[in-house]
$ cat model25.tsv   # TSV, C-alpha atoms and all ligand atoms
chain	number	residue	atom	x	y	z
Y	1	MET	CA	154.83	37.30	99.99
Y	2	GLY	CA	154.00	33.64	99.49
Y	3	PHE	CA	150.94	32.38	97.70
Y	4	PHE	CA	149.17	31.28	100.88
Y	5	ASP	CA	149.94	34.56	102.64
Y	6	LYS	CA	148.47	36.42	99.69
Y	7	LEU	CA	145.46	34.12	99.64
Y	8	SER	CA	144.70	34.54	103.33
Y	9	GLU	CA	145.16	38.29	103.00
Y	10	ASN	CA	142.62	38.36	100.18
Y	11	ILE	CA	140.18	36.32	102.23
Y	12	ALA	CA	140.66	38.65	105.19
Y	13	ASN	CA	140.02	41.71	103.01
Y	14	THR	CA	136.96	40.16	101.41
Y	15	SER	CA	135.37	39.18	104.70
Y	16	LYS	CA	136.12	42.66	106.03
Y	17	ASP	CA	134.28	44.13	103.02
Y	18	VAL	CA	131.39	41.72	103.51
Y	19	ALA	CA	131.15	42.61	107.21
Y	20	LYS	CA	131.22	46.32	106.32
Y	21	LYS	CA	128.50	45.86	103.71
Y	22	ALA	CA	126.33	43.85	106.14
Y	23	ASN	CA	126.83	46.53	108.76
Y	24	GLU	CA	125.84	49.20	106.23
Y	25	ILE	CA	122.69	47.28	105.24
Y	26	ALA	CA	121.73	46.81	108.90
Y	27	LYS	CA	122.17	50.53	109.55
Y	28	VAL	CA	120.13	51.54	106.51
Y	29	THR	CA	117.37	49.05	107.44
Y	30	GLY	CA	117.23	50.50	110.95
Y	31	LEU	CA	117.09	54.07	109.65
Y	32	ASN	CA	114.38	53.15	107.13
Y	33	GLY	CA	112.38	51.67	110.02
Y	34	GLN	CA	112.68	54.98	111.87
Y	35	ILE	CA	111.50	56.83	108.75
Y	36	SER	CA	108.44	54.53	108.55
Y	37	SER	CA	107.51	55.25	112.15
Y	38	GLN	CA	107.84	59.00	111.56
Y	39	GLU	CA	105.60	58.60	108.51
Y	40	SER	CA	102.92	56.77	110.50
Y	41	LEU	CA	103.23	59.44	113.17
Y	42	ILE	CA	102.47	62.04	110.46
Y	43	ASP	CA	99.46	59.99	109.30
Y	44	GLY	CA	98.21	59.95	112.88
Y	45	VAL	CA	98.56	63.72	113.16
Y	46	PHE	CA	96.68	64.19	109.88
Y	47	LYS	CA	93.78	62.20	111.35
Y	48	GLU	CA	94.00	64.29	114.49
Y	49	ILE	CA	93.77	67.47	112.37
Y	50	GLY	CA	90.73	66.10	110.56
Y	51	LYS	CA	89.03	65.36	113.87
Y	52	LEU	CA	89.95	68.78	115.28
Y	53	VAL	CA	88.50	70.48	112.22
Y	54	TYR	CA	85.31	68.44	112.51
Y	55	ASP	CA	84.95	68.99	116.26
Y	56	ASN	CA	85.38	72.73	115.71
Y	57	LYS	CA	83.26	72.95	112.59
Y	58	ASP	CA	81.25	75.81	114.04
Y	59	ASN	CA	84.39	77.80	114.85
Y	60	ILE	CA	86.98	76.89	112.21
Y	61	ALA	CA	88.40	80.42	112.26
Y	62	GLY	CA	89.12	80.16	115.99
Y	63	LEU	CA	90.85	76.80	115.62
Y	64	ASP	CA	94.52	76.83	116.53
Y	65	LEU	CA	96.35	74.15	114.55
Y	66	SER	CA	99.87	75.43	115.25
Y	67	GLU	CA	100.60	72.66	117.76
Y	68	VAL	CA	99.57	69.78	115.47
Y	69	ILE	CA	101.23	71.41	112.46
Y	70	GLY	CA	104.36	71.75	114.59
Y	71	LYS	CA	104.26	67.98	115.20
Y	72	ILE	CA	104.19	67.33	111.44
Y	73	ASP	CA	107.01	69.81	110.79
Y	74	ALA	CA	109.11	68.12	113.48
Y	75	ALA	CA	108.45	64.64	112.04
Y	76	LYS	CA	109.29	65.85	108.52
Y	77	ALA	CA	112.52	67.41	109.75
Y	78	GLU	CA	113.38	64.13	111.48
Y	79	ILE	CA	112.71	62.22	108.24
Y	80	GLU	CA	115.06	64.56	106.35
Y	81	ARG	CA	117.71	64.02	109.03
Y	82	LEU	CA	117.29	60.23	108.80
Y	83	LYS	CA	117.50	60.36	104.99
Y	84	ALA	CA	120.71	62.39	105.25
Y	85	GLU	CA	122.07	59.80	107.67
Y	86	ILE	CA	121.24	57.01	105.18
Y	87	ARG	CA	123.07	58.93	102.45
Y	88	THR	CA	126.09	59.28	104.72
Y	89	VAL	CA	126.07	55.51	105.42
Y	90	LYS	CA	125.75	54.74	101.70
Y	91	GLY	CA	128.36	57.36	100.70
Y	92	ILE	CA	126.05	59.40	98.49
Y	93	LYS	CA	124.88	63.00	98.37
Y	94	VAL	CA	122.04	64.82	96.63
Y	95	CYS	CA	122.42	67.35	93.80
Y	96	GLU	CA	121.18	70.70	95.11
Y	97	GLN	CA	119.83	71.59	91.68
Y	98	CYS	CA	118.00	68.49	90.42
Y	99	GLY	CA	117.82	66.20	93.46
Y	100	GLU	CA	119.72	63.36	91.79
Y	101	GLU	CA	121.54	61.04	94.21
Y	102	ILE	CA	125.25	61.06	93.34
Y	103	ALA	CA	128.41	59.56	94.79
Y	104	ASP	CA	130.15	61.62	97.48
Y	105	GLU	CA	133.36	61.96	95.51
Y	106	VAL	CA	131.98	63.49	92.28
Y	107	ALA	CA	132.43	67.22	91.77
Y	108	PHE	CA	129.63	67.77	89.23
Y	109	CYS	CA	126.16	66.22	88.89
Y	110	PRO	CA	126.06	63.67	86.02
Y	111	LYS	CA	122.41	64.53	85.35
Y	112	CYS	CA	122.27	68.31	85.23
Y	113	GLY	CA	125.91	69.43	85.40
Y	114	ALA	CA	125.50	71.52	88.56
Y	115	LYS	CA	128.52	71.80	90.85
Y	116	ALA	CA	127.99	69.20	93.56
Y	117	PRO	CA	128.31	70.01	97.25
Y	118	VAL	CA	131.65	68.91	98.65
Y	119	VAL	CA	131.41	65.98	101.03
Y	120	GLU	CA	134.37	64.86	103.11
Y	121	VAL	CA	134.99	61.25	102.13
Y	122	PRO	CA	136.65	59.30	104.93
Y	123	ALA	CA	140.19	58.43	103.86
Y	124	GLU	CA	139.84	54.75	104.80
Y	125	GLU	CA	136.96	54.31	102.34
Y	126	ALA	CA	137.99	51.90	99.61
Y	127	PRO	CA	136.89	52.93	96.12
Y	128	ALA	CA	133.60	51.34	95.06
Y	129	GLU	CA	133.66	48.52	92.54
Y	130	GLU	CA	134.51	50.16	89.24
Y	131	ALA	CA	132.24	49.70	86.24
Y	132	ALA	CA	134.08	49.75	82.92
Y	133	PRO	CA	133.90	53.34	81.69
Y	134	VAL	CA	132.23	53.70	78.30
Y	135	ALA	CA	133.88	57.01	77.39
Y	136	THR	CA	136.02	59.75	78.83
Y	137	CYS	CA	135.45	63.49	79.08
Y	138	LYS	CA	136.90	65.47	76.16
Y	139	ASN	CA	137.75	68.30	78.50
Y	140	CYS	CA	139.37	66.61	81.50
Y	141	GLY	CA	139.68	62.93	80.61
Y	142	ASN	CA	137.50	61.83	83.51
Y	143	PRO	CA	135.80	58.46	82.81
Y	144	LEU	CA	132.10	58.99	82.09
Y	145	GLU	CA	129.41	56.70	83.41
Y	146	ALA	CA	126.80	55.44	80.95
Y	147	GLY	CA	123.87	57.84	80.72
Y	148	SER	CA	125.70	60.84	82.18
Y	149	ALA	CA	124.79	64.10	80.48
Y	150	PHE	CA	127.59	65.98	82.23
Y	151	CYS	CA	131.13	65.13	83.26
Y	152	THR	CA	131.33	64.49	87.01
Y	153	GLY	CA	134.90	65.78	87.07
Y	154	CYS	CA	134.56	69.19	85.43
Y	155	GLY	CA	130.87	69.72	84.58
Y	156	THR	CA	131.38	69.77	80.81
Y	157	LYS	CA	128.32	68.68	78.80
Y	158	VAL	CA	128.80	65.23	77.30
Y	159	GLU	CA	128.32	65.11	73.55
Y	160	GLU	CA	126.78	62.04	71.99
N	201	ZN	ZN	121.83	67.65	89.26
N	202	ZN	ZN	135.45	66.63	82.43
$ encode --input "model25.tsv" --output "structure tokens"
Amino acid sequence: MGFFDKLSENIANTSKDVAKKANEIAKVTGLNGQISSQESLIDGVFKEIGKLVYDNKDNIAGLDLSEVIGKIDAAKAEIERLKAEIRTVKGIKVCEQCGEEIADEVAFCPKCGAKAPVVEVPAEEAPAEEAAPVATCKNCGNPLEAGSAFCTGCGTKVEE
């Protein structure tokens, strides 16, 4: 392949990456906007609950809040769904044990060492920009990211 072919190929790849990144940012911004509106909806329902309690102050025991509480539960569930969607767009998942956000492709949490849930990574995904690894795992040779307490490849505790 000639120099100019190679050059134009690189430019094409780079602009494809840039377009993908811009698309990802737009999606995440949109989803964050939806989370904000769910949050203000919850605030509104909290006010509604306060008013209901006040209006029924002489009969608090007879007050049925199940409907308004149901609205909050639904909004919270929607927020969790939106957050999961953001993680999918960004290619990250959450450690079930400590809540740390970790890359989809790691098998063990770098913070607590718990086995990470398996996420199907789309095959066309290009690997993320690689930071120079500071050390490798003694057990499996996996490169370790700075600050990791556990190997993301095998879950072995990292020794200082
Ligand atoms: Zn963890
Ligand atoms: Zn390892």
$ closest_residue --input "model25.tsv" --among "Y:Cys109, Y:Asp17, Y:Thr88, Y:Gly50" --to "Leu63 of chain Y" --atoms "only C-alpha atoms"
Y:Gly50
$ residues_near_ligand --input "model25.tsv" --ligand "ligand ZN 202 (chain N)" --cutoff "9 Å" --atoms "all atoms listed in the file" --output "CSV table (one decimal) with C-alpha atoms, in the coordinates of the input"
chain,number,residue,atom,x,y,z
Y,136,THR,CA,136.0,59.8,78.8
Y,137,CYS,CA,135.4,63.5,79.1
Y,138,LYS,CA,136.9,65.5,76.2
Y,139,ASN,CA,137.8,68.3,78.5
Y,140,CYS,CA,139.4,66.6,81.5
Y,141,GLY,CA,139.7,62.9,80.6
Y,142,ASN,CA,137.5,61.8,83.5
Y,143,PRO,CA,135.8,58.5,82.8
Y,144,LEU,CA,132.1,59.0,82.1
Y,150,PHE,CA,127.6,66.0,82.2
Y,151,CYS,CA,131.1,65.1,83.3
Y,152,THR,CA,131.3,64.5,87.0
Y,153,GLY,CA,134.9,65.8,87.1
Y,154,CYS,CA,134.6,69.2,85.4
Y,155,GLY,CA,130.9,69.7,84.6
Y,156,THR,CA,131.4,69.8,80.8
Y,157,LYS,CA,128.3,68.7,78.8
Y,158,VAL,CA,128.8,65.2,77.3
$ atom_distance --input "model25.tsv" --atom1 "atom CA of Glu159 of chain Y" --atom2 "atom CA of Glu145 of chain Y"
13.0 Å
$ residues_near_ligand --input "model25.tsv" --ligand "ligand ZN 201 (chain N)" --cutoff "8 Å" --atoms "all atoms listed in the file" --output "ChimeraX atom specification"
/Y:94-100,108-114,116
$ closest_residue --input "model25.tsv" --among "Y:Ala149, Y:Val45, Y:Val106, Y:Ala19" --to "Ile69 of chain Y" --atoms "all atoms listed in the file"
Y:Val45
$ closest_residue --input "model25.tsv" --among "Y:Ile86, Y:Ile11, Y:Ala135, Y:Val68" --to "Glu48 of chain Y" --atoms "only C-alpha atoms"
Y:Val68
$ atom_distance --input "model25.tsv" --atom1 "atom CA of Gly44 of chain Y" --atom2 "atom CA of Gly30 of chain Y"
21.3 Å
$ atom_distance --input "model25.tsv" --atom1 "atom CA of Ile42 of chain Y" --atom2 "atom CA of Thr29 of chain Y"
20.0 Å
$ closest_residue --input "model25.tsv" --among "Y:Gly33, Y:Lys93, Y:Lys83, Y:Asp58" --to "Ala107 of chain Y" --atoms "all atoms listed in the file"
Y:Lys93
$ residues_near_point --input "model25.tsv" --point "(106.8, 68.0, 113.5)" --cutoff "12 Å" --atoms "all atoms listed in the file" --output "list in words"
Gln38, Glu39, Leu41, Ile42, Asp43, Gly44, Val45, Phe46, Ser66, Glu67, Val68, Ile69, Gly70, Lys71, Ile72, Asp73, Ala74, Ala75, Lys76, Ala77, Glu78, Ile79 and Glu80 of chain Y
$ closest_residue --input "model25.tsv" --among "Y:Lys51, Y:Lys20, Y:Lys6, Y:Lys27" --to "Leu82 of chain Y" --atoms "only C-alpha atoms"
Y:Lys27
